[in-house]
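Here's the structure, in structure tokens; my notes come after.
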Amino acid sequence: MDKVHYDWKSTINMNIQIMKLMGLWPNGDKIYKSGFYTLYCGLVVMLFVACHISAQVINIYFVRDNLESVVGIIYIILIEFMAICKVFYVIKNMEILKGRITVLKSDWFQPRNHSQTVLIEPSIKFWKSIYKMLLVMCLACNTFWMIYPLLDASGEEKRLPFLAWYPYDYRISPFYEITYCFQVVSTSYLTLIHINVDTLISGFNVYTRCQFDILSDNLRNISSISNDVNKSLIKCVLHHKRILSFVEGCSEFSNWILFWHLIMSGVSIGITMFQLTLVVPFSNEFYSLLSYGLAITIQIFMYCWFGNEVEVRSNLVSYAAFESDWIELPEDVKKNLLIFTMKVIKPIKISAFNVFYLSLDTFMRILKTAWSYFALLYQLSSRNE
């Protein structure tokens with residue numbers, strides 16, 4: 001059978017190109033060193049992330065006596081702080097990230113034939129569909145945030161998309177227009193961080209799932225790979241070992257991101273649900289909150305779904321071995337195959353420090369937690385009325 005070359009990097013190429021424009025992906029195999037690109041990264045992150053978030057955090061002090069205003073700021077800040085976390089760990093672990101992509105180019109991770117390429121394509125296409133869905137939800141959310149202050153006819157006072165404090169009177173022109181544009185650009189930058197880092201991590205989970213599919217197919221057809229079945233089994237064992245190493249490297253990069261994301265997302269979804277009860281139904285602000293909540297939900301679903309798929313597919317590897325023509329194999333190969341499938345192969349669970357596991361059960365727990373936060377805030381709001 002003819003061996004094919006599959007370009008794994010092409011799937012996440014859009015992520016890489018966007019992150020490169022944002023200052024989060026040095027050219028080639030380089031990491032961050034003294035130079036223009038590092039300076040550019042520092043400037044854009046400081047301006048569009050640190051300054052934007054700081055202005056909102058400071059504003060909490062001035063509205064601290066208003067529960068609705070405080071909640072209206074916090075539900076945004078929680079996710080924005082996650083962007084800081086993602087930027088930090090992307091920059092810190094850039095060598096690990098690029099190392100994972102380099103590993104995927106090796107022959108060990110390549111499909112053995114065209115049928116294996118066809119086998120992994122549905123997973124790649126589904127990831128692309130989730131990426132597009134998340135992109136649409138985030139762009140819709142940003143659009144509503146950008147336009148609803150301009151369309152708000154409730155008063156003559158000039159409003160910004162986000163409540164924030166600035167050391168000048170932003171209501172005076174041209175400061176208002178400049179500040180408005182600053183918030184729009186900053187929010188777009190933060191949104192692109194979330195979209196591309198989240199889908200990049202999920203993309204690595206998709207690659208892991210695909211590798212287990214390839215390994216399962218190799219075990220299922222172990223008798224037809226080559227005349228030396230024992231040699232083919234050894235290759236499968238070494239392939240499995242490299243998959244585990246790949247997962248370990250990905251976890252080293254994503255542990256902290258997943259840990260904080262899973263904690264803060266439940267809170268943000270709950271607060272967003274509460275905010276929906278405070279705004280006029282079907283208004284621009286209502287749609288912005290709705291699309292924001294859906295975007296966060298899709299983010300969590302994406303993580304949990306592909307993490308769950310890794311666990312399911314890794315668990316099916318043992319079954320694939322018994323779907324092969326193992327009865328016709330020599331006794332020594334049978335024994336080695338039994339040891340490999342019963343002792344070596346274990347289900348792989350993608351997690352954050354083995355505290356939060358990416359699974360559909362975790363997804364449902366997060367939604368239940370979000371509902372609890374919503375119920376608590378709704379009760380507190382009712383008492384204050």
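Ordered as shown in the structure tokens, chains take letters A, B, and onward, while each chain numbers its residues from 1 and ligands are numbered from 1 in the order shown.
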
Could you produce a table of the residues of stretch 210-308 of chain A lying within 10 Å of stretch 63-76 of chain A, with the nearest pair of atoms per residue and their separation in Å rounded to one decimal, using only C-alpha atoms, ordered by chain and increasing residue number, as CSV?
residue,atom,partner,partner_atom,distance
A:Met264,CA,A:Tyr75,CA,9.2
A:Ser265,CA,A:Tyr75,CA,9.5
A:Val267,CA,A:Tyr75,CA,7.6
A:Ser268,CA,A:Tyr75,CA,5.1
A:Ile269,CA,A:Tyr75,CA,8.1
A:Gly270,CA,A:Tyr75,CA,8.7
A:Ile271,CA,A:Tyr75,CA,5.9
A:Thr272,CA,A:Tyr75,CA,6.7
A:Phe274,CA,A:Val71,CA,8.9
A:Gln275,CA,A:Gly72,CA,7.0
A:Leu278,CA,A:Glu68,CA,8.4
A:Tyr292,CA,A:Ile76,CA,9.5

How about saving the chosen residues, N, CA and C atoms kept, as a PDB file, in the first residue's frame?
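What ended up in result32.pdb:
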ATOM      1  N   MET A 264     -13.717  29.583  35.462  1.00  0.00           N
ATOM      2  CA  MET A 264     -14.325  30.884  35.191  1.00  0.00           C
ATOM      3  C   MET A 264     -15.508  30.811  34.242  1.00  0.00           C
ATOM      4  N   SER A 265     -15.533  29.820  33.375  1.00  0.00           N
ATOM      5  CA  SER A 265     -16.607  29.761  32.389  1.00  0.00           C
ATOM      6  C   SER A 265     -17.959  29.535  33.035  1.00  0.00           C
ATOM      7  N   VAL A 267     -18.891  30.454  35.988  1.00  0.00           N
ATOM      8  CA  VAL A 267     -19.278  31.727  36.613  1.00  0.00           C
ATOM      9  C   VAL A 267     -19.768  32.710  35.556  1.00  0.00           C
ATOM     10  N   SER A 268     -19.044  32.811  34.438  1.00  0.00           N
ATOM     11  CA  SER A 268     -19.400  33.769  33.390  1.00  0.00           C
ATOM     12  C   SER A 268     -20.750  33.430  32.754  1.00  0.00           C
ATOM     13  N   ILE A 269     -21.003  32.150  32.520  1.00  0.00           N
ATOM     14  CA  ILE A 269     -22.288  31.761  31.931  1.00  0.00           C
ATOM     15  C   ILE A 269     -23.423  32.097  32.887  1.00  0.00           C
ATOM     16  N   GLY A 270     -23.219  31.817  34.185  1.00  0.00           N
ATOM     17  CA  GLY A 270     -24.241  32.126  35.184  1.00  0.00           C
ATOM     18  C   GLY A 270     -24.534  33.619  35.259  1.00  0.00           C
ATOM     19  N   ILE A 271     -23.486  34.443  35.259  1.00  0.00           N
ATOM     20  CA  ILE A 271     -23.671  35.900  35.324  1.00  0.00           C
ATOM     21  C   ILE A 271     -24.337  36.417  34.048  1.00  0.00           C
ATOM     22  N   THR A 272     -23.968  35.836  32.902  1.00  0.00           N
ATOM     23  CA  THR A 272     -24.588  36.244  31.643  1.00  0.00           C
ATOM     24  C   THR A 272     -26.084  35.954  31.647  1.00  0.00           C
ATOM     25  N   PHE A 274     -27.938  35.899  34.254  1.00  0.00           N
ATOM     26  CA  PHE A 274     -28.526  36.904  35.145  1.00  0.00           C
ATOM     27  C   PHE A 274     -28.667  38.237  34.425  1.00  0.00           C
ATOM     28  N   GLN A 275     -27.648  38.619  33.658  1.00  0.00           N
ATOM     29  CA  GLN A 275     -27.702  39.880  32.928  1.00  0.00           C
ATOM     30  C   GLN A 275     -28.852  39.902  31.916  1.00  0.00           C
ATOM     31  N   LEU A 278     -32.013  41.367  33.106  1.00  0.00           N
ATOM     32  CA  LEU A 278     -32.015  42.791  33.444  1.00  0.00           C
ATOM     33  C   LEU A 278     -32.202  43.707  32.241  1.00  0.00           C
ATOM     34  N   TYR A 292     -22.878  36.216  23.497  1.00  0.00           N
ATOM     35  CA  TYR A 292     -21.727  36.058  24.401  1.00  0.00           C
ATOM     36  C   TYR A 292     -21.844  34.755  25.192  1.00  0.00           C
TER      37      TYR A 292
END

*Contact residues around A:Lys241 with only C-alpha atoms at 12 Å, ignoring same-chain residues under 2 positions, as a ChimeraX atom specification*: /A:108-109,211-212,215,234-239,243-248,340,344-346

_6 Å contact set for A:Leu358, only C-alpha atoms, chain neighbours under 6 positions out, as number ranges by chain_ = A: 304, 307-308, 350-351

Let's have the selection written as a PDB file, in the first residue's frame, with N, CA and C atoms.
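Below you can see part06.pdb, which holds the result:
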ATOM      1  N   CYS A 304     -14.608  20.002  25.941  1.00  0.00           N
ATOM      2  CA  CYS A 304     -15.103  18.768  26.553  1.00  0.00           C
ATOM      3  C   CYS A 304     -15.395  17.690  25.509  1.00  0.00           C
ATOM      4  N   GLY A 307     -12.003  16.383  24.126  1.00  0.00           N
ATOM      5  CA  GLY A 307     -11.356  15.647  25.208  1.00  0.00           C
ATOM      6  C   GLY A 307     -12.028  14.315  25.443  1.00  0.00           C
ATOM      7  N   ASN A 308     -13.354  14.301  25.380  1.00  0.00           N
ATOM      8  CA  ASN A 308     -14.116  13.067  25.541  1.00  0.00           C
ATOM      9  C   ASN A 308     -13.818  12.094  24.399  1.00  0.00           C
ATOM     10  N   ILE A 350      -7.898  13.536  28.985  1.00  0.00           N
ATOM     11  CA  ILE A 350      -7.342  14.879  28.920  1.00  0.00           C
ATOM     12  C   ILE A 350      -7.869  15.667  30.120  1.00  0.00           C
ATOM     13  N   SER A 351      -6.965  16.278  30.858  1.00  0.00           N
ATOM     14  CA  SER A 351      -7.387  16.958  32.084  1.00  0.00           C
ATOM     15  C   SER A 351      -6.541  18.194  32.343  1.00  0.00           C
TER      16      SER A 351
END

*Between A:Leu289, A:Ile178, A:Leu21, A:Ile222, single out the one closest to A:Phe322, counting only C-alpha atoms.*
A:Ile222

*Non-local contacts of A:Ser129 (12 Å; only C-alpha atoms; under 5 positions in same chain excluded) as a PyMOL selection string*: chain A and resi 11+122-124+134-136+199+203+298+302

*Which residues, written as an MDAnalysis selection string, have at least one atom at most 9 Å from A:Leu150, with only C-alpha atoms counted and residues fewer than 6 positions away on the same chain left out?*
chainID A and resid 158:161

Please produce a file of those selected residues containing N, CA and C atoms, as a PDB file, in the first residue's frame.
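Saved to out_8.pdb:
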ATOM      1  N   LYS A 158     -23.454  60.077  26.066  1.00  0.00           N
ATOM      2  CA  LYS A 158     -22.646  59.198  25.235  1.00  0.00           C
ATOM      3  C   LYS A 158     -22.181  57.992  26.039  1.00  0.00           C
ATOM      4  N   ARG A 159     -22.341  56.819  25.455  1.00  0.00           N
ATOM      5  CA  ARG A 159     -21.983  55.582  26.130  1.00  0.00           C
ATOM      6  C   ARG A 159     -20.920  54.831  25.350  1.00  0.00           C
ATOM      7  N   LEU A 160     -20.144  54.051  26.071  1.00  0.00           N
ATOM      8  CA  LEU A 160     -19.137  53.188  25.472  1.00  0.00           C
ATOM      9  C   LEU A 160     -19.642  51.742  25.496  1.00  0.00           C
ATOM     10  N   PRO A 161     -19.078  50.872  24.679  1.00  0.00           N
ATOM     11  CA  PRO A 161     -19.493  49.465  24.711  1.00  0.00           C
ATOM     12  C   PRO A 161     -19.296  48.817  26.079  1.00  0.00           C
TER      13      PRO A 161
END

*Which residue gives the smallest distance to A:Gly99 among A:Leu338, A:Cys181, A:Cys250, A:Met146, with only C-alpha atoms counted?*
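For A:Gly99, the nearest of the candidates is A:Cys250.
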
*Just give me the gap between atom CA of A:Pro174 and atom CA of A:Ala50 in Å, one decimal is fine.*
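These atoms are spaced 22.8 Å apart.
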
*Pick the closest to A:Ser283 from A:Tyr148, A:Trp25, A:Phe88, A:Tyr131: which is it, counting only C-alpha atoms?*
A:Tyr148

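When only C-alpha atoms are used to measure the gap to A:Arg220, the shortest distance among A:Ser232, A:Ser251, A:Gln17, A:Thr187 belongs to A:Ser232.
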
*Which neighbours of A:His261 fall inside 12 Å, counting only C-alpha atoms, when residues of the same chain fewer than 2 positions from it are skipped, and could you give them as a ChimeraX atom specification?*
/A:78-86,194,197-198,254-259,263-269,296-297,299-301,303-304,351-352,356,358,366

*Using only C-alpha atoms, find the one residue out of A:Glu311, A:Glu157, A:Asp169, A:Asp325 that sits nearest to A:Val229.*
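Of all the options, A:Asp325 lies closest to A:Val229.
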
*May I have the residues within 10 Å of A:Pro111 as a list in words, using only C-alpha atoms and disregarding those fewer than 5 positions away in the same chain?*
Lys3, Val4, His5, Tyr6, Gln116, Thr117, Val118, Leu119, Ile120, Cys210, Gln211, Asp213, Ile214, Leu215, Asp217 and Asn218 of chain A

*Quick one: of A:Ala321, A:Met46, A:Ile91, A:Lys105, who's nearest to A:Ile339, counting only C-alpha atoms?*
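Going through A:Ala321, A:Met46, A:Ile91, A:Lys105 one by one, the smallest distance to A:Ile339 is for A:Ala321.
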
*List every residue of stretch 62-136 of chain A that DSSP, applied to the backbone, labels as alpha helix (DSSP H), and write the result as a ChimeraX atom specification.*
/A:62,67-92,94-104,114-136
